[in-house]
Amino acid sequence: MSISEIDQAHIWHPLTQHKTSSAPMPIVKAEGAMLYAEDGTTYIDGIASWYTAMYGHCNPYIIEQVTAQMKTLDQIVFTGFTHQPATTLAQKVLDILPENQQKIFFNDNGSTAVEAGIKMALQYHHNKGSKRNTLIAFENGFHGDTFGAMSVSDLSVYNGPFEDYFLNVKRIPAPTEENLAGVMQLLQSIIEKHACAGFVYEPLVQGAAGMHMYDASGLESILKLCKANDIVTVADEVMTGFGKTGKHFASLYLETYPDIICLSKALTAGLVPMSLTTCTQEIYDAFLDDTVAKGFFHAHTYSANPIACAAAIAGIDLLTSEDIQSQIQHIHKRHSAFAKAIKTHPKAINIRVKGVIFALELHTEMERYGSLRNALFKHFMDRGICLRPLGNTIYILPPFVITDVQLDQIYKAIKEALETF
Ligand SMILES: *Cc1c(COP(=O)(O)O)cnc(C)c1O
């Protein structure tokens with residue numbers, strides 16, 4: 001049986017309505033920014049396989065480091081044991097994180113990083129003897145698919161059947177220059193009416209909402225008000241982390257740093273799953289007590305898996321290299337030039353660029369979800385480009401190692417989409 005036949009017979013894919021969706025495409029090889037399909041066709045990975053493989057697929061440096069680690073220490077329980085890949089990674093990531101971050105907790109994917117962040121925020125107050133039962137989050141946020149993460153998310157396509165079982169969450173719109181006064185008023189009234197434990201947010205770019213970008217100064221005001229009320233601020237940098245916004249982390253665009261930061265996706269350079277929930281000394285200290293139960297009793301079997309740590313260390317080596325840093329600048333310049341070139345096109349609205357992220361909304365009469373999205377996906381795949389439009393939003397988030405020729409092919413295909421739809 002072929003890959004496709006076995007897949008159809010036995011596999012249940014994520015985010016897929018199997019009754020109506022077409023068969024998933026078998027991919028047999030990946031290298032740099034390229035994906036190779038079983039049928040011989042090739043695709044430029046314009047979204048770095050969901051923002052993970054930022055240094056290119058099968059990057060030789062990362063493979064070398066991970067291979068060496070595999071031969072020395074593969075896995076060890078992280079409760080009661082430790083190892084150098086974990087300690088080195090902790091040092092390296094703290095070197096580049098906002099300077100208020102002091103402690104690293106290991107999880108194994110983006111959702112569980114957020115889940116741990118939410119539990120830390122709730123238990124922080126619990127340990128201090130105050131019962132705070134409400135979380136604050138942005139409208140249209142996405143934070144993952146476990147229950148805590150789903151609760152703070154606001155995309156009902158994903159969450160519909162589970163909404164009755166969620167944590168208490170109050171929502172505010174993402175800030176803009178126009179709505180900021182109203183948002184601050186709403187936030188103030190939520191804080192007065194509810195016992196707010198934490199605020200969970202995607203800093204500057206809401207990925208799943210369609211790469212919606214918002215203003216740092218509005219977020220600054222929100223964070224300041226949260227801090228003034230001892231509301232734990234949890235930055236979900238699962239998507240924005242590791243250079244995508246131009247700085248190592250989106251939180252570095254702000255003066256007020258979060259209490260907790262969630263990291264995953266590009267953390268391990270697209271090799272193996274892992275995530276981190278980092279926090280300040282103040283958060284950590286609230287869990288120190290002679291009572292065992294005041295500790296953070298949360299664990300995953302593969303916490304701080306040494307191989308994943310090795311991939312993350314190698315990833316940070318590359319991220320902080322001159323080569324990758326100049327590539328980030330270069331891609332940003334190219335995106336900005338492309339944005340300028342199509343600025344006046346009547347079909348291209350709300351064109352935006354942040355770091356290596358480029359997005360626009362296609363102005364069309366077609367139904368946003370369903371037919372248009374699928375037609376756009378096919379449009380790009382037919383041209384050898386893997387993009388995953390969100391509704392009528394077309395976005396690029398390429399691996400840092402993408403070449404100019406490959407970028408040109410993507411831009412050309414976007415221009416053709418503007419003419420076609
Ligand atoms: C992808 C993503 C998550 C969830 O991560 P998983 O590894 O898929 O569980 C959470 N938050 C944001 C902002 C994400 O982009």
# chains A, B, ... in the order shown; residues from 1 in each chain; ligands from 1
>>> residues_around(residues="Leu390 of chain A", least_positions_apart="3", cutoff="12 Å", atoms="only C-alpha atoms", output="VMD selection string")
chain A and resid 207 to 212 359 to 362 368 to 377 387 393 to 396
>>> write_last_selection(atoms="N, CA and C atoms", output="tab-separated table (two decimals), in the first residue's frame")
chain	number	residue	atom	x	y	z
A	207	GLY	N	-1.15	35.44	15.78
A	207	GLY	CA	-0.87	34.57	14.63
A	207	GLY	C	-2.10	33.95	14.02
A	208	ALA	N	-2.80	33.11	14.80
A	208	ALA	CA	-3.92	32.35	14.24
A	208	ALA	C	-5.08	33.25	13.84
A	209	ALA	N	-5.15	34.46	14.42
A	209	ALA	CA	-6.20	35.41	14.05
A	209	ALA	C	-5.97	35.94	12.63
A	210	GLY	N	-4.88	35.54	12.00
A	210	GLY	CA	-4.58	36.00	10.64
A	210	GLY	C	-3.44	37.01	10.66
A	211	MET	N	-2.43	36.72	11.49
A	211	MET	CA	-1.26	37.62	11.59
A	211	MET	C	-1.73	39.06	11.80
A	212	HIS	N	-2.68	39.19	12.73
A	212	HIS	CA	-3.17	40.52	13.10
A	212	HIS	C	-2.10	41.22	13.94
A	359	ALA	N	1.93	40.05	5.74
A	359	ALA	CA	0.53	39.62	5.61
A	359	ALA	C	-0.29	40.68	4.89
A	360	LEU	N	-1.33	40.23	4.21
A	360	LEU	CA	-2.31	41.14	3.62
A	360	LEU	C	-3.67	40.46	3.59
A	361	GLU	N	-4.71	41.30	3.46
A	361	GLU	CA	-6.04	40.76	3.28
A	361	GLU	C	-6.42	40.91	1.81
A	362	LEU	N	-6.96	39.83	1.27
A	362	LEU	CA	-7.41	39.88	-0.10
A	362	LEU	C	-8.84	40.42	-0.11
A	368	ARG	N	-15.14	34.05	2.90
A	368	ARG	CA	-13.78	34.08	3.46
A	368	ARG	C	-13.27	32.70	3.85
A	369	TYR	N	-14.05	31.97	4.63
A	369	TYR	CA	-13.59	30.65	5.04
A	369	TYR	C	-14.17	29.64	4.08
A	370	GLY	N	-13.56	28.45	4.02
A	370	GLY	CA	-14.07	27.46	3.11
A	370	GLY	C	-13.57	27.73	1.71
A	371	SER	N	-14.45	28.11	0.81
A	371	SER	CA	-14.10	28.11	-0.60
A	371	SER	C	-12.89	28.98	-0.95
A	372	LEU	N	-12.85	30.22	-0.48
A	372	LEU	CA	-11.73	31.09	-0.84
A	372	LEU	C	-10.42	30.56	-0.29
A	373	ARG	N	-10.46	30.20	0.98
A	373	ARG	CA	-9.25	29.71	1.64
A	373	ARG	C	-8.68	28.51	0.89
A	374	ASN	N	-9.57	27.57	0.53
A	374	ASN	CA	-9.13	26.38	-0.18
A	374	ASN	C	-8.62	26.70	-1.57
A	375	ALA	N	-9.29	27.64	-2.23
A	375	ALA	CA	-8.86	28.03	-3.58
A	375	ALA	C	-7.49	28.71	-3.53
A	376	LEU	N	-7.28	29.52	-2.50
A	376	LEU	CA	-5.99	30.19	-2.35
A	376	LEU	C	-4.88	29.17	-2.07
A	377	PHE	N	-5.18	28.24	-1.18
A	377	PHE	CA	-4.19	27.21	-0.86
A	377	PHE	C	-3.76	26.48	-2.13
A	387	LEU	N	1.86	27.83	1.28
A	387	LEU	CA	1.38	28.86	2.20
A	387	LEU	C	0.06	28.34	2.74
A	393	THR	N	-6.81	36.10	4.55
A	393	THR	CA	-5.46	36.60	4.86
A	393	THR	C	-4.41	35.70	4.22
A	394	ILE	N	-3.54	36.34	3.43
A	394	ILE	CA	-2.39	35.62	2.88
A	394	ILE	C	-1.18	36.07	3.67
A	395	TYR	N	-0.42	35.16	4.20
A	395	TYR	CA	0.78	35.58	4.92
A	395	TYR	C	1.98	34.71	4.60
A	396	ILE	N	3.15	35.31	4.78
A	396	ILE	CA	4.42	34.59	4.60
A	396	ILE	C	5.17	34.68	5.92
>>> residues_around(residues="Thr364 of chain A", least_positions_apart="3", cutoff="10 Å", atoms="only C-alpha atoms", output="VMD selection string")
chain A and resid 346 to 348 361 367 to 368 372 392 418 421
>>> residues_near_ligand(ligand="ligand 1", cutoff="8 Å", atoms="only C-alpha atoms and all ligand atoms", output="PyMOL selection string")
chain A and resi 50+108-114+141-146+149+202+206-208+236-240+264-265+273+275
>>> residues_around(residues="Phe78 of chain A", least_positions_apart="3", cutoff="8 Å", atoms="only C-alpha atoms", output="list of chain:residue names")
A:Phe81, A:Thr82, A:Tyr302, A:Ser303, A:Ala304
>>> select_by_dssp(residues="segment 223-324 of chain A", states="strand (DSSP E or B)", output="ChimeraX atom specification")
/A:232-236,260-263,275-279
>>> write_last_selection(atoms="N, CA, C and O atoms", output="compact mmCIF listing (two decimals), in the first residue's frame")
# COMPACT_ATOMS: atom_id res chain seq x y z
N VAL A 232 -0.76 38.64 37.01
CA VAL A 232 0.42 38.03 36.38
C VAL A 232 0.30 38.12 34.86
O VAL A 232 -0.69 37.66 34.28
N THR A 233 1.29 38.73 34.23
CA THR A 233 1.25 38.88 32.78
C THR A 233 1.99 37.72 32.11
O THR A 233 3.15 37.45 32.42
N VAL A 234 1.28 37.03 31.21
CA VAL A 234 1.81 35.83 30.56
C VAL A 234 1.90 36.08 29.06
O VAL A 234 0.88 36.13 28.37
N ALA A 235 3.11 36.28 28.56
CA ALA A 235 3.28 36.51 27.12
C ALA A 235 3.40 35.18 26.41
O ALA A 235 4.31 34.39 26.69
N ASP A 236 2.49 34.91 25.50
CA ASP A 236 2.56 33.71 24.67
C ASP A 236 3.39 34.05 23.45
O ASP A 236 2.89 34.60 22.47
N ILE A 260 5.78 36.13 32.88
CA ILE A 260 5.95 34.75 32.38
C ILE A 260 5.99 34.79 30.85
O ILE A 260 5.24 35.55 30.23
N ILE A 261 6.87 33.99 30.26
CA ILE A 261 6.93 33.91 28.79
C ILE A 261 6.85 32.44 28.35
O ILE A 261 7.52 31.58 28.93
N CYS A 262 6.01 32.18 27.35
CA CYS A 262 5.84 30.82 26.82
C CYS A 262 6.52 30.72 25.46
O CYS A 262 6.28 31.55 24.59
N LEU A 263 7.34 29.70 25.31
CA LEU A 263 8.12 29.54 24.07
C LEU A 263 7.99 28.12 23.53
O LEU A 263 7.99 27.16 24.30
N SER A 275 8.92 22.79 24.78
CA SER A 275 8.55 24.17 25.04
C SER A 275 9.08 24.59 26.40
O SER A 275 9.47 23.74 27.21
N LEU A 276 9.11 25.89 26.60
CA LEU A 276 9.59 26.46 27.86
C LEU A 276 8.53 27.42 28.40
O LEU A 276 7.88 28.11 27.64
N THR A 277 8.41 27.44 29.72
CA THR A 277 7.64 28.49 30.39
C THR A 277 8.64 29.17 31.32
O THR A 277 9.15 28.53 32.24
N THR A 278 8.99 30.40 31.02
CA THR A 278 10.01 31.08 31.81
C THR A 278 9.33 32.09 32.73
O THR A 278 8.23 32.55 32.44
N CYS A 279 9.99 32.43 33.84
CA CYS A 279 9.35 33.39 34.73
C CYS A 279 10.38 34.21 35.52
O CYS A 279 11.57 33.93 35.49
